[in-house]
$ cat upload.tsv   # TSV, C-alpha atoms
chain	number	residue	atom	x	y	z
O	1	MET	CA	-6.27	7.17	-13.58
O	2	ARG	CA	-6.20	5.27	-10.29
O	3	THR	CA	-5.37	1.58	-10.55
O	4	ALA	CA	-7.37	-0.75	-8.32
O	5	ARG	CA	-5.44	-3.24	-6.27
O	6	PRO	CA	-6.24	-6.79	-7.36
O	7	ARG	CA	-8.07	-8.84	-4.76
O	8	ALA	CA	-6.71	-12.25	-3.80
O	9	LEU	CA	-8.84	-15.15	-5.04
O	10	PRO	CA	-10.32	-17.41	-2.31
O	11	GLU	CA	-8.64	-20.78	-1.85
O	12	TRP	CA	-11.69	-22.90	-1.02
O	13	PRO	CA	-12.97	-23.32	-4.62
O	14	VAL	CA	-9.61	-24.81	-5.62
O	15	HIS	CA	-9.66	-27.21	-2.67
O	16	LEU	CA	-13.27	-28.16	-3.39
O	17	LEU	CA	-12.47	-28.87	-7.04
O	18	ILE	CA	-9.45	-31.03	-6.21
O	19	TRP	CA	-11.32	-33.15	-3.67
O	20	ALA	CA	-14.30	-33.51	-6.03
O	21	LEU	CA	-11.99	-34.82	-8.77
O	22	LEU	CA	-10.39	-37.24	-6.31
O	23	LEU	CA	-13.86	-38.48	-5.28
O	24	ILE	CA	-14.82	-39.14	-8.90
O	25	LYS	CA	-11.50	-40.95	-9.44
O	26	ASP	CA	-12.09	-43.19	-6.41
O	27	VAL	CA	-15.67	-44.02	-7.48
O	28	VAL	CA	-14.50	-44.97	-10.97
O	29	ALA	CA	-11.71	-47.14	-9.53
O	30	MET	CA	-14.17	-48.93	-7.21
O	31	HIS	CA	-16.54	-49.60	-10.12
O	32	GLU	CA	-13.70	-51.15	-12.11
O	33	ALA	CA	-12.57	-53.40	-9.19
O	34	PRO	CA	-15.67	-54.09	-7.05
O	35	ALA	CA	-14.27	-57.22	-5.35
O	36	ALA	CA	-14.94	-55.83	-1.88
O	37	MET	CA	-18.54	-55.01	-2.66
O	38	PRO	CA	-21.28	-57.63	-2.29
O	39	PRO	CA	-23.15	-58.58	-5.48
O	40	GLY	CA	-25.98	-56.23	-6.45
O	41	THR	CA	-24.55	-53.25	-4.57
O	42	ALA	CA	-26.34	-50.03	-5.50
O	43	GLY	CA	-24.41	-47.27	-7.21
O	44	VAL	CA	-25.01	-44.87	-4.31
O	45	THR	CA	-22.98	-47.21	-2.09
O	46	TYR	CA	-19.90	-46.66	-4.25
O	47	TRP	CA	-20.27	-42.92	-3.74
O	48	LEU	CA	-20.80	-43.19	0.04
O	49	VAL	CA	-17.83	-45.50	0.57
O	50	SER	CA	-15.60	-43.37	-1.65
O	51	LEU	CA	-16.78	-40.22	0.16
O	52	GLY	CA	-15.93	-41.82	3.50
O	53	TYR	CA	-12.40	-42.68	2.45
O	54	LEU	CA	-12.06	-39.21	0.96
O	55	LEU	CA	-12.94	-37.73	4.38
O	56	ILE	CA	-10.13	-39.80	5.91
O	57	ARG	CA	-7.66	-38.53	3.29
O	58	ALA	CA	-8.84	-34.96	3.84
O	59	ALA	CA	-8.30	-35.37	7.59
O	60	ALA	CA	-4.81	-36.74	6.91
O	61	PHE	CA	-4.13	-33.69	4.73
O	62	TYR	CA	-5.58	-30.86	6.84
O	63	LEU	CA	-4.98	-32.04	10.42
O	64	PRO	CA	-1.16	-31.78	10.10
O	65	VAL	CA	-1.61	-28.31	8.61
O	66	TRP	CA	-3.26	-27.13	11.84
O	67	LEU	CA	-1.58	-29.35	14.42
O	68	VAL	CA	1.97	-29.63	13.06
O	69	ALA	CA	2.79	-26.92	10.52
O	70	ARG	CA	1.28	-23.97	12.39
O	71	PRO	CA	3.41	-24.39	15.53
O	72	LEU	CA	6.55	-24.91	13.43
O	73	LEU	CA	5.89	-21.91	11.19
O	74	ALA	CA	5.03	-19.60	14.07
O	75	SER	CA	7.53	-16.88	14.89
O	76	THR	CA	8.03	-18.20	18.45
O	77	LEU	CA	11.65	-19.01	19.23
O	78	GLY	CA	12.90	-21.87	21.42
O	79	TRP	CA	12.02	-25.52	21.65
O	80	GLN	CA	8.29	-25.12	22.43
O	81	PRO	CA	7.17	-25.09	18.74
O	82	PHE	CA	8.89	-28.44	18.13
O	83	VAL	CA	7.25	-29.98	21.19
O	84	ARG	CA	3.84	-28.72	20.06
O	85	ALA	CA	4.47	-29.99	16.52
O	86	ALA	CA	5.48	-33.46	17.77
O	87	ALA	CA	2.42	-33.63	20.01
O	88	GLY	CA	0.27	-32.36	17.13
O	89	LEU	CA	1.62	-35.04	14.79
O	90	LEU	CA	0.85	-37.77	17.31
O	91	LEU	CA	-2.64	-36.39	17.85
O	92	ALA	CA	-3.24	-36.13	14.10
O	93	LEU	CA	-2.23	-39.76	13.54
O	94	LEU	CA	-4.52	-40.90	16.37
O	95	LEU	CA	-7.44	-38.90	14.96
O	96	ILE	CA	-6.86	-40.25	11.45
O	97	THR	CA	-6.72	-43.84	12.74
O	98	GLY	CA	-9.81	-43.30	14.91
O	99	LEU	CA	-11.77	-41.79	12.02
O	100	ARG	CA	-10.84	-44.67	9.75
O	101	TYR	CA	-11.83	-47.25	12.40
O	102	GLY	CA	-15.16	-45.53	13.06
O	103	LEU	CA	-16.12	-45.33	9.40
O	104	GLU	CA	-15.00	-48.83	8.41
O	105	PHE	CA	-16.44	-50.74	11.39
O	106	HIS	CA	-19.43	-48.61	12.38
O	107	VAL	CA	-20.66	-47.23	9.04
O	108	PHE	CA	-19.31	-49.14	6.05
O	109	LYS	CA	-19.67	-52.68	7.41
O	110	PRO	CA	-23.00	-52.60	9.30
O	111	LEU	CA	-24.85	-50.02	7.18
O	112	LEU	CA	-23.41	-50.41	3.65
O	113	GLY	CA	-22.27	-54.05	3.69
O	114	PHE	CA	-18.68	-53.11	2.81
O	115	ASP	CA	-15.90	-55.03	4.61
O	116	ASN	CA	-12.37	-53.99	3.74
O	117	TYR	CA	-10.77	-56.77	5.87
O	118	GLU	CA	-12.97	-59.80	5.28
O	119	GLN	CA	-10.13	-62.05	4.05
O	120	ASN	CA	-7.33	-60.45	6.10
O	121	THR	CA	-6.35	-63.10	8.64
O	122	ALA	CA	-3.47	-60.98	10.00
O	123	PHE	CA	-5.74	-58.20	11.23
O	124	THR	CA	-4.77	-56.92	14.69
O	125	ALA	CA	-4.93	-53.55	16.44
O	126	GLN	CA	-1.19	-53.00	15.94
O	127	TRP	CA	-1.44	-53.94	12.27
O	128	PHE	CA	-4.42	-51.59	11.79
O	129	ILE	CA	-2.58	-48.63	13.35
O	130	GLU	CA	0.60	-49.28	11.36
O	131	ASN	CA	-1.40	-49.76	8.16
O	132	SER	CA	-3.30	-46.52	8.71
O	133	VAL	CA	-0.11	-44.53	9.33
O	134	ARG	CA	1.66	-46.10	6.34
O	135	PHE	CA	-1.31	-45.77	4.00
O	136	HIS	CA	-1.97	-42.09	4.80
O	137	PHE	CA	1.65	-41.00	5.29
O	138	ASP	CA	1.72	-39.45	1.79
O	139	ASP	CA	-1.38	-37.39	2.56
O	140	VAL	CA	0.29	-36.10	5.74
O	141	LEU	CA	3.42	-35.10	3.78
O	142	TYR	CA	1.32	-33.39	1.10
O	143	GLY	CA	-0.51	-31.42	3.80
O	144	LEU	CA	2.75	-30.28	5.39
O	145	LEU	CA	4.19	-29.35	1.99
O	146	TYR	CA	1.04	-27.37	1.20
O	147	ALA	CA	1.29	-25.56	4.55
O	148	VAL	CA	4.93	-24.57	3.96
O	149	ILE	CA	4.28	-23.35	0.40
O	150	ARG	CA	1.18	-21.43	1.47
O	151	HIS	CA	3.06	-19.84	4.39
O	152	ASN	CA	5.87	-18.69	2.09
O	153	LEU	CA	3.46	-17.34	-0.52
O	154	LEU	CA	1.48	-15.41	2.09
O	155	ALA	CA	4.69	-14.04	3.62
O	156	GLU	CA	5.84	-12.88	0.19
O	157	ARG	CA	2.43	-11.30	-0.48
O	158	ARG	CA	2.54	-9.47	2.86
O	159	ARG	CA	6.07	-8.27	2.10
O	160	ARG	CA	4.98	-6.93	-1.28
O	161	GLU	CA	1.86	-5.29	0.19
O	162	THR	CA	3.96	-3.68	2.91
O	163	GLN	CA	6.46	-2.46	0.34
O	164	GLN	CA	3.64	-1.18	-1.87
O	165	ALA	CA	2.03	0.62	1.07
O	166	HIS	CA	5.38	2.20	1.93
O	167	THR	CA	5.90	3.25	-1.68
O	168	THR	CA	2.37	4.69	-1.87
O	169	ALA	CA	2.89	6.63	1.36
O	170	GLU	CA	6.22	7.95	0.12
O	171	LEU	CA	4.72	9.00	-3.22
O	172	THR	CA	1.86	10.72	-1.42
O	173	PHE	CA	4.36	12.62	0.69
O	174	LEU	CA	6.45	13.56	-2.34
O	175	ARG	CA	3.35	14.73	-4.21
O	176	SER	CA	2.27	16.83	-1.24
O	177	GLN	CA	5.58	18.68	-1.44
O	178	LEU	CA	4.82	19.85	-4.96
O	179	ASN	CA	1.95	22.13	-3.97
O	180	PRO	CA	3.81	24.40	-1.51
O	181	HIS	CA	6.86	24.51	-3.77
O	182	PHE	CA	4.74	25.69	-6.67
O	183	LEU	CA	2.55	28.00	-4.61
O	184	PHE	CA	5.41	29.86	-2.91
O	185	ASN	CA	7.02	30.80	-6.22
O	186	THR	CA	3.80	31.73	-8.01
O	187	ILE	CA	2.10	33.63	-5.20
O	188	ASN	CA	5.21	35.78	-4.80
O	189	ASP	CA	5.03	36.72	-8.49
O	190	ILE	CA	1.31	37.53	-8.30
O	191	TYR	CA	1.83	39.50	-5.10
O	192	ALA	CA	4.37	41.65	-6.94
O	193	LEU	CA	1.85	42.25	-9.74
O	194	VAL	CA	-0.88	43.21	-7.27
O	195	TYR	CA	1.49	45.46	-5.33
O	196	GLN	CA	2.39	47.22	-8.59
O	197	LYS	CA	-1.33	47.42	-9.49
O	198	SER	CA	-0.55	45.69	-12.75
O	199	ASP	CA	-3.36	44.97	-15.19
O	200	ALA	CA	-1.86	41.48	-15.56
O	201	ALA	CA	-2.77	40.53	-11.95
O	202	PRO	CA	-6.39	39.35	-12.67
O	203	GLY	CA	-5.20	37.20	-15.58
O	204	ALA	CA	-2.45	35.72	-13.44
O	205	LEU	CA	-4.95	34.85	-10.70
O	206	LEU	CA	-7.27	33.22	-13.23
O	207	LYS	CA	-4.40	31.17	-14.67
O	208	LEU	CA	-3.33	30.17	-11.16
O	209	SER	CA	-6.86	28.97	-10.38
O	210	GLU	CA	-6.82	26.78	-13.51
O	211	LEU	CA	-3.53	25.22	-12.48
O	212	LEU	CA	-4.74	24.63	-8.93
O	213	ARG	CA	-7.92	23.02	-10.28
O	214	TYR	CA	-5.75	20.58	-12.23
O	215	MET	CA	-3.65	19.84	-9.15
O	216	LEU	CA	-6.72	19.23	-6.99
O	217	HIS	CA	-8.76	17.12	-9.41
O	218	GLU	CA	-6.21	15.22	-11.49
O	219	ALA	CA	-2.71	15.39	-10.01
O	220	HIS	CA	-3.58	12.95	-7.18
O	221	HIS	CA	-4.17	10.14	-9.72
O	222	ASP	CA	-1.49	7.59	-10.45
O	223	GLN	CA	-1.43	8.54	-14.13
O	224	VAL	CA	-2.90	11.28	-16.28
O	225	LEU	CA	-3.07	11.98	-19.97
O	226	LEU	CA	0.21	13.42	-21.20
O	227	SER	CA	-1.76	16.07	-23.09
O	228	ARG	CA	-3.24	17.33	-19.81
O	229	GLU	CA	0.19	17.41	-18.19
O	230	LEU	CA	1.55	19.46	-21.09
O	231	ASP	CA	-1.43	21.81	-20.80
O	232	TYR	CA	-0.38	22.34	-17.20
O	233	LEU	CA	3.18	23.13	-18.29
O	234	ASN	CA	1.85	25.58	-20.88
O	235	GLY	CA	-0.19	27.29	-18.17
O	236	LEU	CA	2.87	27.48	-15.95
O	237	MET	CA	4.86	29.10	-18.75
O	238	GLU	CA	2.04	31.57	-19.42
O	239	LEU	CA	1.96	32.46	-15.76
O	240	GLN	CA	5.70	33.02	-15.78
O	241	ARG	CA	5.36	35.17	-18.89
O	242	ILE	CA	2.80	37.33	-17.09
O	243	GLY	CA	5.11	37.62	-14.10
O	244	THR	CA	7.97	38.84	-16.28
O	245	LYS	CA	5.70	41.34	-18.03
O	246	ASP	CA	5.95	39.46	-21.31
O	247	ASN	CA	9.72	39.58	-21.12
O	248	LEU	CA	10.26	35.80	-20.95
O	249	TYR	CA	12.59	34.33	-23.56
O	250	LEU	CA	11.72	30.68	-23.84
O	251	GLU	CA	12.02	28.45	-26.89
O	252	TYR	CA	9.55	25.60	-26.58
O	253	GLN	CA	9.31	22.83	-29.18
O	254	LEU	CA	7.02	19.81	-29.16
O	255	CYS	CA	7.65	17.06	-31.71
O	256	GLY	CA	5.55	13.94	-32.08
O	257	PRO	CA	1.88	13.04	-31.74
O	258	LEU	CA	-0.23	13.25	-28.61
O	259	ASN	CA	-2.41	10.16	-28.93
O	260	GLY	CA	-3.46	9.17	-25.42
O	261	GLN	CA	-0.08	8.53	-23.78
O	262	LEU	CA	-0.16	8.41	-19.98
O	263	ILE	CA	2.36	9.80	-17.51
O	264	ALA	CA	2.68	10.26	-13.76
O	265	PRO	CA	1.35	13.73	-12.92
O	266	MET	CA	3.55	16.67	-11.95
O	267	LEU	CA	6.67	14.81	-13.09
O	268	LEU	CA	8.11	17.40	-15.48
O	269	VAL	CA	7.06	20.53	-13.62
O	270	SER	CA	10.01	20.52	-11.20
O	271	PHE	CA	12.49	20.85	-14.06
O	272	VAL	CA	10.62	23.82	-15.51
O	273	GLU	CA	10.19	25.46	-12.10
O	274	ASN	CA	13.90	25.00	-11.45
O	275	ALA	CA	14.72	26.81	-14.71
O	276	PHE	CA	12.35	29.65	-13.84
O	277	LYS	CA	13.81	29.98	-10.36
O	278	HIS	CA	17.52	29.77	-11.15
O	279	GLY	CA	17.78	30.55	-14.84
O	280	VAL	CA	18.26	33.72	-16.85
O	281	LEU	CA	14.81	34.42	-18.32
O	282	THR	CA	14.99	37.89	-19.81
O	283	ASP	CA	18.07	37.66	-22.03
O	284	ALA	CA	17.14	37.18	-25.68
O	285	THR	CA	20.65	35.92	-26.48
O	286	GLN	CA	20.44	33.16	-23.87
O	287	PRO	CA	16.86	31.85	-23.90
O	288	VAL	CA	15.61	28.90	-21.92
O	289	THR	CA	15.22	26.00	-24.36
O	290	LEU	CA	12.68	23.23	-23.83
O	291	GLN	CA	12.24	20.39	-26.30
O	292	LEU	CA	9.88	17.42	-26.07
O	293	ASP	CA	10.11	14.51	-28.51
O	294	LEU	CA	7.23	12.04	-28.32
O	295	SER	CA	6.43	8.64	-29.73
O	296	ALA	CA	3.63	6.24	-28.90
O	297	THR	CA	5.66	4.73	-26.04
O	298	THR	CA	8.54	7.11	-25.22
O	299	LEU	CA	9.16	10.68	-24.13
O	300	ASP	CA	12.43	12.60	-24.47
O	301	PHE	CA	12.61	15.81	-22.44
O	302	ARG	CA	15.46	18.30	-22.79
O	303	LEU	CA	15.66	21.57	-20.87
O	304	ARG	CA	18.57	24.01	-20.76
O	305	ASN	CA	18.91	27.36	-19.05
O	306	THR	CA	21.73	29.79	-18.39
O	307	LYS	CA	22.42	30.38	-14.70
O	308	HIS	CA	22.65	33.71	-12.96
O	309	LYS	CA	26.23	34.74	-12.27
O	310	GLN	CA	25.48	35.15	-8.58
O	311	GLN	CA	23.46	32.10	-7.61
O	312	LYS	CA	21.97	32.57	-4.15
O	313	ASP	CA	20.29	29.19	-3.81
O	314	GLN	CA	21.63	25.77	-4.62
O	315	VAL	CA	20.36	24.71	-8.01
O	316	GLY	CA	17.75	21.96	-7.78
O	317	GLY	CA	17.01	21.82	-4.08
O	318	ILE	CA	13.99	19.85	-2.91
O	319	GLY	CA	12.31	19.88	-6.33
O	320	LEU	CA	14.91	17.88	-8.24
O	321	ALA	CA	15.57	15.51	-5.33
O	322	ASN	CA	11.80	14.96	-5.23
O	323	VAL	CA	11.52	14.15	-8.92
O	324	ARG	CA	14.56	11.84	-8.81
O	325	ARG	CA	12.88	9.79	-6.10
O	326	ARG	CA	9.52	9.72	-7.88
O	327	LEU	CA	11.20	8.51	-11.08
O	328	ALA	CA	12.94	5.74	-9.13
O	329	LEU	CA	9.63	4.62	-7.60
O	330	LEU	CA	7.34	5.02	-10.60
O	331	TYR	CA	9.64	4.18	-13.52
O	332	PRO	CA	12.31	1.77	-12.26
O	333	ALA	CA	14.52	0.63	-15.16
O	334	ARG	CA	12.26	2.65	-17.47
O	335	HIS	CA	13.95	6.05	-17.39
O	336	THR	CA	17.30	7.73	-17.91
O	337	LEU	CA	17.92	11.06	-16.20
O	338	THR	CA	21.05	13.09	-16.92
O	339	ILE	CA	21.72	16.45	-15.25
O	340	ALA	CA	24.65	18.59	-16.40
O	341	ASP	CA	25.38	21.38	-13.92
O	342	THR	CA	28.17	23.78	-14.88
O	343	PRO	CA	29.07	27.21	-13.50
O	344	THR	CA	27.30	28.86	-16.46
O	345	ASP	CA	24.34	26.69	-17.38
O	346	PHE	CA	22.08	23.87	-16.26
O	347	GLN	CA	20.77	21.12	-18.53
O	348	VAL	CA	18.35	18.25	-17.92
O	349	THR	CA	17.86	15.30	-20.27
O	350	LEU	CA	15.17	12.76	-19.44
O	351	HIS	CA	14.22	9.67	-21.43
O	352	LEU	CA	11.04	7.97	-20.26
O	353	ASP	CA	9.45	4.71	-21.39
O	354	LEU	CA	5.75	5.42	-21.06
$ encode --input "upload.tsv" --output "C-alpha cells"
Amino acid sequence: MRTARPRALPEWPVHLLIWALLLIKDVVAMHEAPAAMPPGTAGVTYWLVSLGYLLIRAAAFYLPVWLVARPLLASTLGWQPFVRAAAGLLLALLLITGLRYGLEFHVFKPLLGFDNYEQNTAFTAQWFIENSVRFHFDDVLYGLLYAVIRHNLLAERRRRETQQAHTTAELTFLRSQLNPHFLFNTINDIYALVYQKSDAAPGALLKLSELLRYMLHEAHHDQVLLSRELDYLNGLMELQRIGTKDNLYLEYQLCGPLNGQLIAPMLLVSFVENAFKHGVLTDATQPVTLQLDLSATTLDFRLRNTKHKQQKDQVGGIGLANVRRRLALLYPARHTLTIADTPTDFQVTLHLDL
C-alpha cells in the first residue's frame, strides 16, 4: 500500500485572506471615525481609501522581504549581503514613502476629496518622510520576521524531504538485495531436484513462481497485509520442504487473529532464510521452532534453530544486517530485536508495534 506524499498548500490564499480581513477592519474603522471625510461621502470612497492605505502597508510588508531579507538569508559569505540588505532597506523606505505620497496627493485628495493633512500646520517634506518611516516601521519588521520564519520552515522542509529521499533510496536498495539472496538459495535447491530428476521439481518451480509473483507485484509497496506476508512465508517453508524431500522438521505456531494488520513486506523472510541456510533441518529431536503471536496492533516473532557443528558461513550475513537496517528505518522506536547466537543454536526474538 503505497503512501502518497502530501503536497504543500499554497501560501497565497492565506495572504489574501489576511489582507482582506485587514481591509474590512480599516473600512469599519473609517466609518466609525469619518472626520477626514467630507460630508456626504459615498461608501465606495471608504473602500477605495482603505484599499490605497492597504497597498502601502502591503508594500511595507513585502518590499523588505525581497530587498532586505533575501540578501541576508542567502548562502553568500562575506560583507556583500549586508551591503545589499542596507541598500535594499533604504530603497524600500523610499518606495514606501513615494507610494504613500503619490496616493495621498495625486489620488485621494484630487479624485476622492480625502485630505489626511488638512489641519496639519507642521507638514514638511522631512516630517512626511519621518512620519512614513515611523508609521510603517511595524509593517517592515513584520515582513522581515515573516521572511525569516518562512526561510527556516522551508529549510526544515527541504531537510526532511532530503532525508526522506535518502531513506527511500536506501530502502529501495535494501529491498533489491532480497531478491538475489532468496533466488540464489532457492534456485540451487531446485537445480538439485532437476538434476536428480525428482518428481518434486515441477511443484517446486510452480511454488517459486508464486513467490516471485508476490515479490514483483506486492513486495515493492511500503506496506502489505500481514496475511499475505505470512502466505509468502508458508510458501517458502513448503518450498524448503520440497527441497529436503519432505524431511524438514519445523514446528510452526500462529496465535492470534489476522484481521487486516499491515506490515512492511519481506521483513520476516530473512530470519526464516537464515534458519534454513545455517540450521539443522532434518533432525527430529532438534526441530526449527517458529512462533508468531498476534494482536490487533502488535506482532511477536520467535525463531530458534540448532546450528550445524561445522558452520562454514558466518551466521546472519547480509540478510540479518539488511533486516536490522530496515527495522531501524521503518519502525524506529517501534520494535525490539534480540538475537542470541551461541555455539549450538541461534534464536531471534522480534517485537513489532504494527
$ atom_distance --input "upload.tsv" --atom1 "atom CA of O:Gly235" --atom2 "atom CA of O:Leu211"
6.9 Å
$ atom_distance --input "upload.tsv" --atom1 "atom CA of O:Pro265" --atom2 "atom CA of O:Val348"
18.3 Å
$ closest_residue --input "upload.tsv" --among "O:Val107, O:Leu67, O:Ala328, O:Ile190" --to "O:Lys245" --atoms "only C-alpha atoms"
O:Ile190
$ closest_residue --input "upload.tsv" --among "O:Leu294, O:Leu303, O:Met266, O:Leu208" --to "O:Leu327" --atoms "all atoms listed in the file"
O:Met266
$ closest_residue --input "upload.tsv" --among "O:Glu238, O:Trp47, O:Ala321, O:Val280" --to "O:Ala29" --atoms "only C-alpha atoms"
O:Trp47
$ residues_around --input "upload.tsv" --residues "O:Arg150" --least-positions-apart "5" --cutoff "12 Å" --atoms "only C-alpha atoms" --output "MDAnalysis selection string"
chainID O and resid 11 65 69:70 73 142:145 155:157
$ atom_distance --input "upload.tsv" --atom1 "atom CA of O:Leu354" --atom2 "atom CA of O:Arg334"
7.9 Å
$ residues_around --input "upload.tsv" --residues "stretch 124-133 of chain O" --least-positions-apart "6" --cutoff "8 Å" --atoms "all atoms listed in the file" --output "PyMOL selection string"
chain O and resi 93+96-97+100
$ write_last_selection --input "upload.tsv" --atoms "C-alpha atoms" --output "compact mmCIF listing (two decimals), keeping the file's coordinate frame"
# COMPACT_ATOMS: atom_id res chain seq x y z
CA LEU O 93 -2.23 -39.76 13.54
CA ILE O 96 -6.86 -40.25 11.45
CA THR O 97 -6.72 -43.84 12.74
CA ARG O 100 -10.84 -44.67 9.75
$ closest_residue --input "upload.tsv" --among "O:Arg134, O:His106, O:Arg57, O:Arg326" --to "O:Ser270" --atoms "only C-alpha atoms"
O:Arg326
$ residues_around --input "upload.tsv" --residues "O:Ala200" --least-positions-apart "2" --cutoff "12 Å" --atoms "only C-alpha atoms" --output "list in words"
Asp189, Ile190, Tyr191, Ala192, Leu193, Val194, Tyr195, Gln196, Lys197, Ser198, Pro202, Gly203, Ala204, Leu205, Leu206, Lys207, Glu238, Leu239, Gln240, Arg241, Ile242, Gly243, Thr244, Lys245 and Asp246 of chain O
$ closest_residue --input "upload.tsv" --among "O:Ala122, O:Leu337, O:Leu90, O:Leu250" --to "O:Arg304" --atoms "only C-alpha atoms"
O:Leu250
$ closest_residue --input "upload.tsv" --among "O:Phe184, O:Tyr62, O:Tyr214, O:Tyr252" --to "O:Lys277" --atoms "only C-alpha atoms"
O:Phe184
$ residues_around --input "upload.tsv" --residues "O:Leu299" --least-positions-apart "2" --cutoff "6 Å" --atoms "all atoms listed in the file" --output "PyMOL selection string"
chain O and resi 293-294+351-352
$ residues_around --input "upload.tsv" --residues "O:Ala58" --least-positions-apart "5" --cutoff "10 Å" --atoms "all atoms listed in the file" --output "VMD selection string"
chain O and resid 19 52 to 53 63 96 136 139 to 140 143
$ axis_aligned_box --input "upload.tsv" --around "stretch 85-93 of chain O" --padding-each-side "8 Å" --output "AutoDock Vina command-line options"
--center_x 1.1 --center_y -34.9 --center_z 16.8 --size_x 24.7 --size_y 25.8 --size_z 22.5
$ build_atoms --input "upload.tsv" --residues "stretch 291-305 of chain O" --atoms "N, CA, C and O atoms" --output "compact mmCIF listing (two decimals), in the frame of the given file"
# COMPACT_ATOMS: atom_id res chain seq x y z
N GLN O 291 12.61 21.21 -25.16
CA GLN O 291 12.24 20.39 -26.30
C GLN O 291 11.68 19.07 -25.81
O GLN O 291 12.25 18.41 -24.96
N LEU O 292 10.53 18.69 -26.38
CA LEU O 292 9.88 17.42 -26.07
C LEU O 292 9.72 16.62 -27.36
O LEU O 292 9.12 17.10 -28.32
N ASP O 293 10.26 15.41 -27.38
CA ASP O 293 10.11 14.51 -28.51
C ASP O 293 9.29 13.31 -28.05
O ASP O 293 9.68 12.60 -27.10
N LEU O 294 8.17 13.08 -28.73
CA LEU O 294 7.23 12.04 -28.32
C LEU O 294 7.12 10.95 -29.37
O LEU O 294 7.22 11.21 -30.57
N SER O 295 6.88 9.74 -28.89
CA SER O 295 6.43 8.64 -29.73
C SER O 295 5.27 7.99 -29.00
O SER O 295 4.83 8.47 -27.95
N ALA O 296 4.78 6.90 -29.55
CA ALA O 296 3.63 6.24 -28.90
C ALA O 296 4.00 5.70 -27.52
O ALA O 296 3.14 5.59 -26.65
N THR O 297 5.28 5.38 -27.30
CA THR O 297 5.66 4.73 -26.04
C THR O 297 6.81 5.41 -25.31
O THR O 297 7.19 4.95 -24.23
N THR O 298 7.39 6.47 -25.86
CA THR O 298 8.54 7.11 -25.22
C THR O 298 8.37 8.62 -25.18
O THR O 298 7.60 9.21 -25.95
N LEU O 299 9.10 9.22 -24.26
CA LEU O 299 9.16 10.68 -24.13
C LEU O 299 10.62 11.06 -23.88
O LEU O 299 11.28 10.49 -23.01
N ASP O 300 11.10 12.03 -24.67
CA ASP O 300 12.43 12.60 -24.47
C ASP O 300 12.27 14.08 -24.14
O ASP O 300 11.71 14.84 -24.94
N PHE O 301 12.77 14.45 -22.99
CA PHE O 301 12.61 15.81 -22.44
C PHE O 301 13.99 16.42 -22.28
O PHE O 301 14.86 15.85 -21.62
N ARG O 302 14.18 17.59 -22.90
CA ARG O 302 15.46 18.30 -22.79
C ARG O 302 15.19 19.76 -22.42
O ARG O 302 14.42 20.45 -23.11
N LEU O 303 15.83 20.20 -21.36
CA LEU O 303 15.66 21.57 -20.87
C LEU O 303 17.03 22.14 -20.53
O LEU O 303 17.82 21.50 -19.82
N ARG O 304 17.29 23.35 -21.03
CA ARG O 304 18.57 24.01 -20.76
C ARG O 304 18.31 25.46 -20.41
O ARG O 304 17.48 26.13 -21.04
N ASN O 305 19.01 25.94 -19.40
CA ASN O 305 18.91 27.36 -19.05
C ASN O 305 20.28 27.87 -18.59
O ASN O 305 21.08 27.12 -18.00
